[in-house]
Structure formats: C-alpha cells, structure tokens
Protein chains: 2
Amino acid sequence: MTERSGWGTVLFVDRMRADAARNRRLLLEAAAAEFAEYGTEVSIARIAARAGIGKGTVFRHFATKEHLVTAIFGDQLDRLAARGEELLGHADSGQALLAFMADAVEMQVADRSFCQAVTADLRRDPQLRAASDRLVAAAGSLTARALADGVVRDDITGYDIVLLINAVAQATAPLGDAVPGLWRRYLSLIFDGLRPQAAHPLPVPAPDSLAPP
Amino acid sequence: MTERSGWGTVLFVDRMRADAARNRRLLLEAAAAEFAEYGTEVSIARIAARAGIGKGTVFRHFATKEHLVTAIFGDQLDRLAARGEELLGHADSGQALLAFMADAVEMQVADRSFCQAVTADLRRDPQLRAASDRLVAAAGSLTARALADGVVRDDITGYDIVLLINAVAQATAPLGDAVPGLWRRYLSLIFDGLRPQAAHPLPVPAPDSLAPP
DNA sequence: CCATAAGCGGACCGTTCGGTCAGGTTGTGG
DNA sequence: CCACAACCTGACCGAACGGTCCGCTTATGG
C-alpha cells in the first residue's frame, strides 16, 4: 500500500491508537486482496474475516463500503500515475509510452476490482477525479513526448491512451486467465495502430474529460 | 426476437397454450429490454412487472434466472453471427469486415447485459458454445477473405476479431454515453492496426478457443 | 497503576434477492 | 359444453447483504 498524493487520510495512522492503526492496515490489505481476486462485490464480512477483525471495525474505519472501495481504487490510480511520471524520465519516448500502457494493462488484468471501478459511478468523488486527472496528465505527457519524436500519429491524446489501456485490458476478459499473457498480443496490435505509418483519419474527436455529464 | 439456429426451445411456442405462448413472448421482450438497459442484475420481479405477468410465471418458463439470461444472450449471439454470414456476400471484403465489427460493437454498446454476458461463466452452456463457435467462424471467414484481398495483415484470426470487438466496445465504457459515437474513433484506430502497412510481429499466438479451461 | 476514552466485535435490523408452492383461473380436445 | 390439465399468481421462504449498536476490551497519558 503506497501513500496517497498529498492526501494522507487513507493511511493516516500517526495519531491513532496502535491497535487501530494495525487493524486499519490489515483491513486495507485484506480489502485490496479480496477486491483484486473477486471484484468489488465481495461482502464486507468476507473482507473482515480475511483481515481477522470484526465487521463492525470495518465500518469504524470506513463509513460505507463505497468509501472503502474508493480508498483502494484511488491508491491504485495514484500508483499508476506515479509510474507514468517516472517513465517520463526514460530516454526512449516510444518505449516509455509502450511500457506505461503495458504496466497499466497488467495492473488492471491482475485486479478484478480495478476493471469494475473504472466503469463505476465513483467518478463523483473529488479525490478520484484528481487522481484520474493526474493519470490522464501523465499519459498526455508521455504521448506528447512520443509525438515530438515522431513515433506516434499526431491525432491522439492522453485520453485516447487511457481509454485504449482500458480496451486492451478488457479485450481478453472472455478468456479469463486461460492464456496468461494474451493481452500483450492486443496491446502490440493496438500500438501498431498508434504509429504514424498506419494513420488513417479518425472519425470522431478525442474526448476532453473522462467523466460522464 | 429472432429464431435460434437449429434449436427452437426459446421461441418454441407452437404446441403451447395460447396464453403461455403470449406470456413467453412478453417475458422475453421485457427481459431483453431490462437487461439491455440495466444489465443482468435487474431482479426477476422487475422483469415480470414490465412484462405484466406474475413472478411465478417467469420461473415456469425458465427454471432459473441464468436460463433466462442464457436464452437472451444466445439469441443475440446468433443474430450477430447471422449478420456476419450475410456480410460474406458483400463485394468489398475490407468494408465487410469493418462493417461487421462496427455492427457488433454497436450492439454491445447499446446493451449493458451483452457486455457482462461475454465475461460471465455462461460459457458452460453448450448452446452458447455453439453460438459462440458460429460467431467466431463467421469472423474467421470475413478475415480470411479480407486477407486474400490483402487489406489486413496475415497474422490475425477470427478469434482476434471477436476479442477486438469486445475491446472496442469496452474502451469507452468509463464515459458512459457522454460521447455517443466515440467508439467509432477507437474502432477506426484499431482497424488501422489491422492493416498490413502497420504490421509489426505480434508477441503471442492467437487463441484457438474462447472458453476458459 | 489506574481512570478513561478510544476501539472492538458480533448479534441484530431492515431490505432485497432468487426461487417455491398451494390454490384459483383458463384454454382446449373431445 | 365440459372436464381436466396446463397455466397463472402473489404470498411466502431462507439466504445474503450493508449497516447499526451497545456491552466489553484495551491502549495510553498522567
């Protein structure tokens, strides 16, 4: 579990009682694991059992289940955005963009809740909005750098990249884990579509937001 | 509601009592509409109410909710496969493949349950397996024809096409219906990746089945 | 070491779901 | 036209869920 960007509520365990801090950590670990394995529909009771704490304790730390999901999902978004920012320091801009997409897809494929959360109505939460914006910004910078080097076509944006990451991650969903690395096939194919050599005019402008109206 | 291929159970209303046949039709229409609008999680009670019949009647026609979902989903798969077979008669093989993908995505985007069903564990059902095979076969023929005309790269198969359809349909899921035709942008982009000009070697072989082990 | 408040936990609540069933209704073959 | 089987229905059931609450435990500052 990493730190949230500029917002320490989730892991703000400093001025807590020792047992409370310990339980909160156990809870977040258990929730992340259960969500990744079974999706966000797992019951609070299951998560509490895995963490070895009582159900009531869960609601002491997070008023509703949605708050818990939001906390975990926000942390993941932040981690992903951080990875993107880190890759901005990479020499090869094309490989950096590809690596970013690969890491993002891998994260999403390994975590059932991540896929669900992207689609859910959690967009109302301002913290998630911020994390999402940070992610799109990182993707946009990586794209701009790759464009400047002429390795991607000039009509794509950071929003496109984020949505295509989602597309690749969902592509192989029907097969479950039957062919473990199959998503790499489709990431590669889609990346071919991002190259300037392939470019045919795109019929619809890129979006300028990830949130529904 | 169209006919199931070679299997008339779903709409086998011939030797039924008149009221039973009528109710079955109302039920299937209501279920398809509710599933499309709200996904497969809508309650049986809701569907029954929309059909104007009692809840018990639903279970008279379909032993479990899963049976109902399977019937509706199978019908959709069959319709999609039929559309693919129809497009095999189209003169321009490249446009036929593109049109097939576009129709498939459009269907999936307009129907929440369709997206869910693709991922669900309904693959056990032999009828769905058959419908799925028929769909992949149609996609494979369209692909082979396009390949013979040199308009697509030579390392893709019908399975790739079906999975990429899924990818495109899910790509814009985070935005809901905020930008109605946005999926066309990503279908176009991915189709660019399917052209021979763009081809870089793909890292993983295509799957040879859509079912998990 | 103790007083106290913060934390804990699981019985409990209201709701919703898929699915069942007994008893009333109705279409239909003869 | 009638008898009967097929059909319809909504009250009902048990399970599972998110969330509440209060009596008990325990960490901690003084």
# chains A, B, ... in the order shown; residues from 1 in each chain; ligands from 1

call {"tool": "select_by_dssp", "arguments": {"residues": "segment 39-204 of chain B", "states": "helix (DSSP H, G or I)", "output": "NGL selection string"}}
result
:B and (44-51 or 55-61 or 65-87 or 93-109 or 112-119 or 122-124 or 126-148 or 158-171 or 173-175 or 183-194 or 196-198)

call {"tool": "calpha_fit_and_write", "arguments": {"fixed": "chain B", "moving": "chain A", "output": "mmCIF file with C-alpha atoms, in the first residue's frame"}}
result
data_model
loop_
_atom_site.group_PDB
_atom_site.id
_atom_site.type_symbol
_atom_site.label_atom_id
_atom_site.label_comp_id
_atom_site.auth_asym_id
_atom_site.auth_seq_id
_atom_site.Cartn_x
_atom_site.Cartn_y
_atom_site.Cartn_z
ATOM 1 C CA MET A 1 -36.675 -11.568 -31.155
ATOM 2 C CA THR A 2 -35.262 -13.770 -33.896
ATOM 3 C CA GLU A 3 -35.188 -17.532 -34.278
ATOM 4 C CA ARG A 4 -32.416 -19.606 -32.702
ATOM 5 C CA SER A 5 -30.305 -21.528 -35.166
ATOM 6 C CA GLY A 6 -31.586 -25.075 -35.425
ATOM 7 C CA TRP A 7 -32.932 -24.987 -31.902
ATOM 8 C CA GLY A 8 -36.412 -23.780 -31.287
ATOM 9 C CA THR A 9 -36.760 -24.175 -27.537
ATOM 10 C CA VAL A 10 -36.686 -20.499 -26.721
ATOM 11 C CA LEU A 11 -39.493 -19.506 -29.008
ATOM 12 C CA PHE A 12 -41.114 -22.904 -29.266
ATOM 13 C CA VAL A 13 -44.564 -21.506 -28.789
ATOM 14 C CA ASP A 14 -46.380 -23.725 -31.261
ATOM 15 C CA ARG A 15 -47.944 -26.389 -29.073
ATOM 16 C CA MET A 16 -48.415 -24.039 -26.155
ATOM 17 C CA ARG A 17 -51.610 -22.667 -24.835
ATOM 18 C CA ALA A 18 -52.343 -19.278 -26.354
ATOM 19 C CA ASP A 19 -51.906 -17.354 -23.099
ATOM 20 C CA ALA A 20 -48.684 -19.161 -22.302
ATOM 21 C CA ALA A 21 -47.240 -18.320 -25.691
ATOM 22 C CA ARG A 22 -48.254 -14.701 -25.327
ATOM 23 C CA ASN A 23 -46.749 -14.449 -21.853
ATOM 24 C CA ARG A 24 -43.534 -16.048 -22.992
ATOM 25 C CA ARG A 25 -43.193 -13.483 -25.732
ATOM 26 C CA LEU A 26 -43.918 -10.626 -23.328
ATOM 27 C CA LEU A 27 -41.410 -12.070 -20.890
ATOM 28 C CA LEU A 28 -38.617 -12.363 -23.448
ATOM 29 C CA GLU A 29 -39.209 -8.839 -24.698
ATOM 30 C CA ALA A 30 -39.255 -7.400 -21.196
ATOM 31 C CA ALA A 31 -36.169 -9.348 -20.163
ATOM 32 C CA ALA A 32 -34.216 -8.258 -23.229
ATOM 33 C CA ALA A 33 -35.154 -4.628 -22.620
ATOM 34 C CA GLU A 34 -34.354 -4.671 -18.911
ATOM 35 C CA PHE A 35 -31.081 -6.530 -19.428
ATOM 36 C CA ALA A 36 -30.049 -4.096 -22.131
ATOM 37 C CA GLU A 37 -30.869 -1.103 -19.967
ATOM 38 C CA TYR A 38 -29.665 -2.199 -16.538
ATOM 39 C CA GLY A 39 -27.565 -5.321 -17.030
ATOM 40 C CA THR A 40 -28.178 -8.867 -15.914
ATOM 41 C CA GLU A 41 -28.458 -7.890 -12.246
ATOM 42 C CA VAL A 42 -32.007 -6.628 -12.595
ATOM 43 C CA SER A 43 -34.357 -8.627 -10.433
ATOM 44 C CA ILE A 44 -36.779 -11.162 -11.822
ATOM 45 C CA ALA A 45 -39.534 -9.208 -10.099
ATOM 46 C CA ARG A 46 -38.698 -6.131 -12.181
ATOM 47 C CA ILE A 47 -38.732 -8.079 -15.414
ATOM 48 C CA ALA A 48 -42.032 -9.712 -14.501
ATOM 49 C CA ALA A 49 -43.547 -6.331 -13.683
ATOM 50 C CA ARG A 50 -42.415 -4.895 -17.008
ATOM 51 C CA ALA A 51 -43.889 -7.856 -18.830
ATOM 52 C CA GLY A 52 -47.113 -7.451 -16.879
ATOM 53 C CA ILE A 53 -47.014 -11.009 -15.553
ATOM 54 C CA GLY A 54 -46.463 -12.644 -12.176
ATOM 55 C CA LYS A 55 -43.073 -13.610 -10.858
ATOM 56 C CA GLY A 56 -44.027 -17.251 -10.667
ATOM 57 C CA THR A 57 -44.793 -17.270 -14.361
ATOM 58 C CA VAL A 58 -41.229 -16.347 -15.142
ATOM 59 C CA PHE A 59 -39.973 -19.451 -13.349
ATOM 60 C CA ARG A 60 -42.561 -21.552 -15.120
ATOM 61 C CA HIS A 61 -40.924 -20.624 -18.433
ATOM 62 C CA PHE A 62 -37.305 -20.598 -17.240
ATOM 63 C CA ALA A 63 -36.279 -22.760 -14.304
ATOM 64 C CA THR A 64 -33.611 -20.307 -13.122
ATOM 65 C CA LYS A 65 -32.572 -16.781 -13.867
ATOM 66 C CA GLU A 66 -29.457 -18.110 -15.554
ATOM 67 C CA HIS A 67 -31.584 -20.008 -18.051
ATOM 68 C CA LEU A 68 -33.345 -16.779 -18.965
ATOM 69 C CA VAL A 69 -30.083 -14.887 -19.381
ATOM 70 C CA THR A 70 -28.681 -17.698 -21.481
ATOM 71 C CA ALA A 71 -31.691 -17.686 -23.773
ATOM 72 C CA ILE A 72 -31.468 -13.956 -24.420
ATOM 73 C CA PHE A 73 -27.712 -13.947 -24.825
ATOM 74 C CA GLY A 74 -27.771 -16.916 -27.166
ATOM 75 C CA ASP A 75 -30.292 -15.180 -29.357
ATOM 76 C CA GLN A 76 -28.050 -12.129 -29.596
ATOM 77 C CA LEU A 77 -25.003 -14.204 -30.481
ATOM 78 C CA ASP A 78 -26.982 -15.927 -33.210
ATOM 79 C CA ARG A 79 -28.160 -12.638 -34.613
ATOM 80 C CA LEU A 80 -24.599 -11.369 -34.702
ATOM 81 C CA ALA A 81 -23.298 -14.515 -36.364
ATOM 82 C CA ALA A 82 -26.064 -14.270 -38.958
ATOM 83 C CA ARG A 83 -25.026 -10.713 -39.687
ATOM 84 C CA GLY A 84 -21.461 -11.865 -40.233
ATOM 85 C CA GLU A 85 -22.560 -14.598 -42.609
ATOM 86 C CA GLU A 86 -24.679 -12.133 -44.505
ATOM 87 C CA LEU A 87 -21.693 -9.794 -44.923
ATOM 88 C CA LEU A 88 -19.726 -12.628 -46.529
ATOM 89 C CA GLY A 89 -21.767 -11.867 -49.624
ATOM 90 C CA HIS A 90 -20.552 -8.292 -49.692
ATOM 91 C CA ALA A 91 -18.244 -7.352 -52.578
ATOM 92 C CA ASP A 92 -15.629 -5.304 -50.683
ATOM 93 C CA SER A 93 -14.031 -7.703 -48.222
ATOM 94 C CA GLY A 94 -12.325 -4.986 -46.206
ATOM 95 C CA GLN A 95 -15.489 -2.945 -45.825
ATOM 96 C CA ALA A 96 -17.400 -6.120 -44.968
ATOM 97 C CA LEU A 97 -15.033 -6.907 -42.098
ATOM 98 C CA LEU A 98 -15.164 -3.328 -40.866
ATOM 99 C CA ALA A 99 -18.947 -3.267 -41.087
ATOM 100 C CA PHE A 100 -19.153 -6.521 -39.155
ATOM 101 C CA MET A 101 -17.011 -5.139 -36.385
ATOM 102 C CA ALA A 102 -18.991 -1.899 -36.337
ATOM 103 C CA ASP A 103 -22.330 -3.698 -36.107
ATOM 104 C CA ALA A 104 -21.040 -5.959 -33.369
ATOM 105 C CA VAL A 105 -19.675 -3.087 -31.330
ATOM 106 C CA GLU A 106 -22.850 -1.095 -31.771
ATOM 107 C CA MET A 107 -24.915 -4.008 -30.519
ATOM 108 C CA GLN A 108 -22.689 -4.468 -27.524
ATOM 109 C CA VAL A 109 -22.570 -0.777 -26.661
ATOM 110 C CA ALA A 110 -26.345 -0.545 -26.786
ATOM 111 C CA ASP A 111 -26.819 -3.499 -24.455
ATOM 112 C CA ARG A 112 -25.342 -3.607 -20.999
ATOM 113 C CA SER A 113 -26.061 -7.279 -20.516
ATOM 114 C CA PHE A 114 -24.235 -8.208 -23.685
ATOM 115 C CA CYS A 115 -20.968 -6.886 -22.313
ATOM 116 C CA GLN A 116 -21.457 -8.738 -19.043
ATOM 117 C CA ALA A 117 -22.491 -11.981 -20.653
ATOM 118 C CA VAL A 118 -19.326 -12.117 -22.731
ATOM 119 C CA THR A 119 -17.294 -12.233 -19.543
ATOM 120 C CA ALA A 120 -19.591 -14.416 -17.461
ATOM 121 C CA ASP A 121 -19.387 -18.134 -16.785
ATOM 122 C CA LEU A 122 -22.155 -18.899 -19.220
ATOM 123 C CA ARG A 123 -19.593 -20.590 -21.425
ATOM 124 C CA ARG A 124 -20.511 -23.961 -19.906
ATOM 125 C CA ASP A 125 -23.814 -23.976 -21.764
ATOM 126 C CA PRO A 126 -23.401 -26.055 -24.937
ATOM 127 C CA GLN A 127 -25.899 -23.917 -26.840
ATOM 128 C CA LEU A 128 -23.880 -20.812 -26.112
ATOM 129 C CA ARG A 129 -20.705 -22.617 -27.044
ATOM 130 C CA ALA A 130 -22.249 -23.466 -30.385
ATOM 131 C CA ALA A 131 -23.418 -19.915 -30.986
ATOM 132 C CA SER A 132 -20.017 -18.608 -29.995
ATOM 133 C CA ASP A 133 -18.291 -21.017 -32.366
ATOM 134 C CA ARG A 134 -20.581 -19.936 -35.152
ATOM 135 C CA LEU A 135 -19.678 -16.308 -34.459
ATOM 136 C CA VAL A 136 -15.954 -17.002 -34.468
ATOM 137 C CA ALA A 137 -16.313 -18.968 -37.699
ATOM 138 C CA ALA A 138 -18.058 -16.068 -39.391
ATOM 139 C CA ALA A 139 -15.391 -13.665 -38.157
ATOM 140 C CA GLY A 140 -12.720 -16.052 -39.393
ATOM 141 C CA SER A 141 -14.237 -16.243 -42.869
ATOM 142 C CA LEU A 142 -14.513 -12.476 -43.110
ATOM 143 C CA THR A 143 -10.892 -12.171 -42.017
ATOM 144 C CA ALA A 144 -9.635 -14.794 -44.447
ATOM 145 C CA ARG A 145 -11.415 -13.075 -47.308
ATOM 146 C CA ALA A 146 -9.944 -9.698 -46.354
ATOM 147 C CA LEU A 147 -6.514 -11.273 -46.053
ATOM 148 C CA ALA A 148 -6.790 -12.792 -49.509
ATOM 149 C CA ASP A 149 -7.484 -9.291 -50.820
ATOM 150 C CA GLY A 150 -4.474 -7.975 -48.924
ATOM 151 C CA VAL A 151 -6.378 -5.431 -46.861
ATOM 152 C CA VAL A 152 -5.455 -6.881 -43.459
ATOM 153 C CA ARG A 153 -2.203 -8.218 -42.035
ATOM 154 C CA ASP A 154 -1.615 -11.952 -42.272
ATOM 155 C CA ASP A 155 -1.130 -12.758 -38.570
ATOM 156 C CA ILE A 156 -4.677 -12.262 -37.302
ATOM 157 C CA THR A 157 -7.542 -14.715 -36.929
ATOM 158 C CA GLY A 158 -11.255 -14.750 -36.260
ATOM 159 C CA TYR A 159 -10.559 -15.002 -32.541
ATOM 160 C CA ASP A 160 -8.584 -11.781 -32.717
ATOM 161 C CA ILE A 161 -11.480 -10.048 -34.412
ATOM 162 C CA VAL A 162 -13.989 -11.177 -31.793
ATOM 163 C CA LEU A 163 -11.730 -10.106 -28.941
ATOM 164 C CA LEU A 164 -11.001 -6.766 -30.590
ATOM 165 C CA ILE A 165 -14.715 -6.167 -31.000
ATOM 166 C CA ASN A 166 -14.991 -6.678 -27.273
ATOM 167 C CA ALA A 167 -12.062 -4.341 -26.709
ATOM 168 C CA VAL A 168 -13.595 -1.524 -28.732
ATOM 169 C CA ALA A 169 -16.959 -1.926 -27.072
ATOM 170 C CA GLN A 170 -15.387 -1.669 -23.624
ATOM 171 C CA ALA A 171 -12.986 1.123 -24.509
ATOM 172 C CA THR A 172 -15.443 3.938 -24.001
ATOM 173 C CA ALA A 173 -17.257 2.339 -21.084
ATOM 174 C CA PRO A 174 -15.835 4.850 -18.570
ATOM 175 C CA LEU A 175 -17.673 7.667 -20.347
ATOM 176 C CA GLY A 176 -21.045 5.973 -20.464
ATOM 177 C CA ASP A 177 -23.081 7.618 -23.209
ATOM 178 C CA ALA A 178 -21.394 11.004 -22.824
ATOM 179 C CA VAL A 179 -20.059 10.951 -26.410
ATOM 180 C CA PRO A 180 -22.483 8.734 -28.306
ATOM 181 C CA GLY A 181 -20.407 7.600 -31.310
ATOM 182 C CA LEU A 182 -16.992 7.716 -29.684
ATOM 183 C CA TRP A 183 -16.428 4.012 -30.115
ATOM 184 C CA ARG A 184 -16.111 4.644 -33.872
ATOM 185 C CA ARG A 185 -12.926 6.561 -33.144
ATOM 186 C CA TYR A 186 -11.327 3.553 -31.512
ATOM 187 C CA LEU A 187 -12.679 1.041 -33.980
ATOM 188 C CA SER A 188 -11.090 3.129 -36.707
ATOM 189 C CA LEU A 189 -7.815 3.356 -34.835
ATOM 190 C CA ILE A 190 -7.712 -0.357 -34.133
ATOM 191 C CA PHE A 191 -8.615 -1.147 -37.711
ATOM 192 C CA ASP A 192 -5.573 0.906 -38.709
ATOM 193 C CA GLY A 193 -3.577 -1.506 -36.581
ATOM 194 C CA LEU A 194 -5.051 -4.392 -38.565
ATOM 195 C CA ARG A 195 -3.730 -3.101 -41.892
ATOM 196 C CA PRO A 196 -0.629 -4.701 -43.423
ATOM 197 C CA GLN A 197 1.170 -1.330 -43.580
ATOM 198 C CA ALA A 198 1.176 -1.090 -39.788
ATOM 199 C CA ALA A 199 2.262 -4.638 -39.071
ATOM 200 C CA HIS A 200 4.985 -5.225 -36.539
ATOM 201 C CA PRO A 201 5.392 -8.813 -35.299
ATOM 202 C CA LEU A 202 2.921 -9.733 -32.546
ATOM 203 C CA PRO A 203 4.434 -11.135 -29.354
ATOM 204 C CA VAL A 204 1.872 -13.844 -28.477
ATOM 205 C CA PRO A 205 0.075 -16.357 -30.722
ATOM 206 C CA ALA A 206 -3.661 -15.966 -31.265
ATOM 207 C CA PRO A 207 -5.910 -18.083 -29.020
ATOM 208 C CA ASP A 208 -7.610 -21.149 -30.449
ATOM 209 C CA SER A 209 -10.671 -21.062 -28.217
ATOM 210 C CA LEU A 210 -12.767 -18.519 -26.382
ATOM 211 C CA ALA A 211 -13.446 -20.724 -23.372
ATOM 212 C CA PRO A 212 -11.447 -20.795 -20.153
ATOM 213 C CA PRO A 213 -9.985 -24.237 -19.311
#

call {"tool": "interface_residues", "arguments": {"of": "chain C", "to": "chain B", "cutoff": "8 Å", "atoms": "only C-alpha atoms (C1' of nucleotides)", "output": "VMD selection string"}}
result
chain C and resid 17 to 19 27

call {"tool": "interface_residues", "arguments": {"of": "chain D", "to": "chain A", "cutoff": "9 Å", "atoms": "only C-alpha atoms (C1' of nucleotides)", "output": "PDB file with N, CA and C atoms (P, O5', C5', C4', C3', O3' and C1' of nucleotides), in the first residue's frame"}}
result
ATOM      1  P    DC D  17     -22.942 -12.240   1.190  1.00  0.00           P
ATOM      2  O5'  DC D  17     -23.321 -10.701   1.248  1.00  0.00           O
ATOM      3  C5'  DC D  17     -23.895 -10.084   0.087  1.00  0.00           C
ATOM      4  C4'  DC D  17     -24.669  -8.870   0.498  1.00  0.00           C
ATOM      5  C3'  DC D  17     -23.913  -7.953   1.448  1.00  0.00           C
ATOM      6  O3'  DC D  17     -23.097  -7.080   0.697  1.00  0.00           O
ATOM      7  C1'  DC D  17     -26.258  -8.143   2.011  1.00  0.00           C
ATOM      8  P    DG D  18     -21.970  -6.193   1.440  1.00  0.00           P
ATOM      9  O5'  DG D  18     -22.846  -4.987   1.977  1.00  0.00           O
ATOM     10  C5'  DG D  18     -23.467  -4.114   1.056  1.00  0.00           C
ATOM     11  C4'  DG D  18     -24.219  -3.035   1.806  1.00  0.00           C
ATOM     12  C3'  DG D  18     -23.338  -2.116   2.651  1.00  0.00           C
ATOM     13  O3'  DG D  18     -23.883  -0.801   2.604  1.00  0.00           O
ATOM     14  C1'  DG D  18     -24.852  -3.284   4.046  1.00  0.00           C
ATOM     15  P    DG D  19     -23.039   0.387   3.293  1.00  0.00           P
ATOM     16  O5'  DG D  19     -23.643   0.410   4.766  1.00  0.00           O
ATOM     17  C5'  DG D  19     -25.038   0.690   4.921  1.00  0.00           C
ATOM     18  C4'  DG D  19     -25.462   0.487   6.357  1.00  0.00           C
ATOM     19  C3'  DG D  19     -24.594   1.195   7.424  1.00  0.00           C
ATOM     20  O3'  DG D  19     -25.444   2.079   8.157  1.00  0.00           O
ATOM     21  C1'  DG D  19     -25.117  -1.020   8.050  1.00  0.00           C
ATOM     22  P    DT D  20     -24.898   2.927   9.391  1.00  0.00           P
ATOM     23  O5'  DT D  20     -25.535   2.194  10.644  1.00  0.00           O
ATOM     24  C5'  DT D  20     -26.930   1.894  10.648  1.00  0.00           C
ATOM     25  C4'  DT D  20     -27.345   1.349  12.013  1.00  0.00           C
ATOM     26  C3'  DT D  20     -26.783   2.103  13.222  1.00  0.00           C
ATOM     27  O3'  DT D  20     -27.827   2.192  14.195  1.00  0.00           O
ATOM     28  C1'  DT D  20     -26.160  -0.171  13.369  1.00  0.00           C
ATOM     29  P    DT D  26      -8.518  -7.561  25.754  1.00  0.00           P
ATOM     30  O5'  DT D  26      -7.850  -6.155  25.469  1.00  0.00           O
ATOM     31  C5'  DT D  26      -8.118  -5.497  24.239  1.00  0.00           C
ATOM     32  C4'  DT D  26      -7.443  -4.151  24.231  1.00  0.00           C
ATOM     33  C3'  DT D  26      -6.107  -4.090  24.984  1.00  0.00           C
ATOM     34  O3'  DT D  26      -5.257  -3.199  24.315  1.00  0.00           O
ATOM     35  C1'  DT D  26      -7.522  -2.466  25.833  1.00  0.00           C
ATOM     36  P    DA D  27      -3.736  -3.590  24.065  1.00  0.00           P
ATOM     37  O5'  DA D  27      -3.160  -2.208  23.541  1.00  0.00           O
ATOM     38  C5'  DA D  27      -3.861  -1.514  22.519  1.00  0.00           C
ATOM     39  C4'  DA D  27      -3.863  -0.021  22.816  1.00  0.00           C
ATOM     40  C3'  DA D  27      -2.521   0.568  23.221  1.00  0.00           C
ATOM     41  O3'  DA D  27      -2.341   1.795  22.520  1.00  0.00           O
ATOM     42  C1'  DA D  27      -4.126   1.063  24.876  1.00  0.00           C
ATOM     43  P    DT D  28      -0.958   2.543  22.482  1.00  0.00           P
ATOM     44  O5'  DT D  28      -1.217   3.686  23.549  1.00  0.00           O
ATOM     45  C5'  DT D  28      -2.437   4.432  23.491  1.00  0.00           C
ATOM     46  C4'  DT D  28      -2.504   5.426  24.623  1.00  0.00           C
ATOM     47  C3'  DT D  28      -1.142   5.904  25.155  1.00  0.00           C
ATOM     48  O3'  DT D  28      -1.242   7.273  25.448  1.00  0.00           O
ATOM     49  C1'  DT D  28      -2.393   5.077  26.925  1.00  0.00           C
TER      50       DT D  28
END

call {"tool": "residues_around", "arguments": {"residues": "DC2 of chain D", "least_positions_apart": "2", "cutoff": "12 Å", "atoms": "only C-alpha atoms (C1' of nucleotides)", "output": "JSON list (two decimals) with C-alpha atoms (C1' of nucleotides), in the first residue's frame"}}
result
[["chain", "number", "residue", "atom", "x", "y", "z"],
["C", 28, "DT", "C1'", -58.62, -26.70, -25.18],
["C", 29, "DG", "C1'", -59.53, -31.58, -27.02],
["C", 30, "DG", "C1'", -63.18, -34.37, -27.33],
["D", 4, "DC", "C1'", -59.22, -31.56, -16.88]]
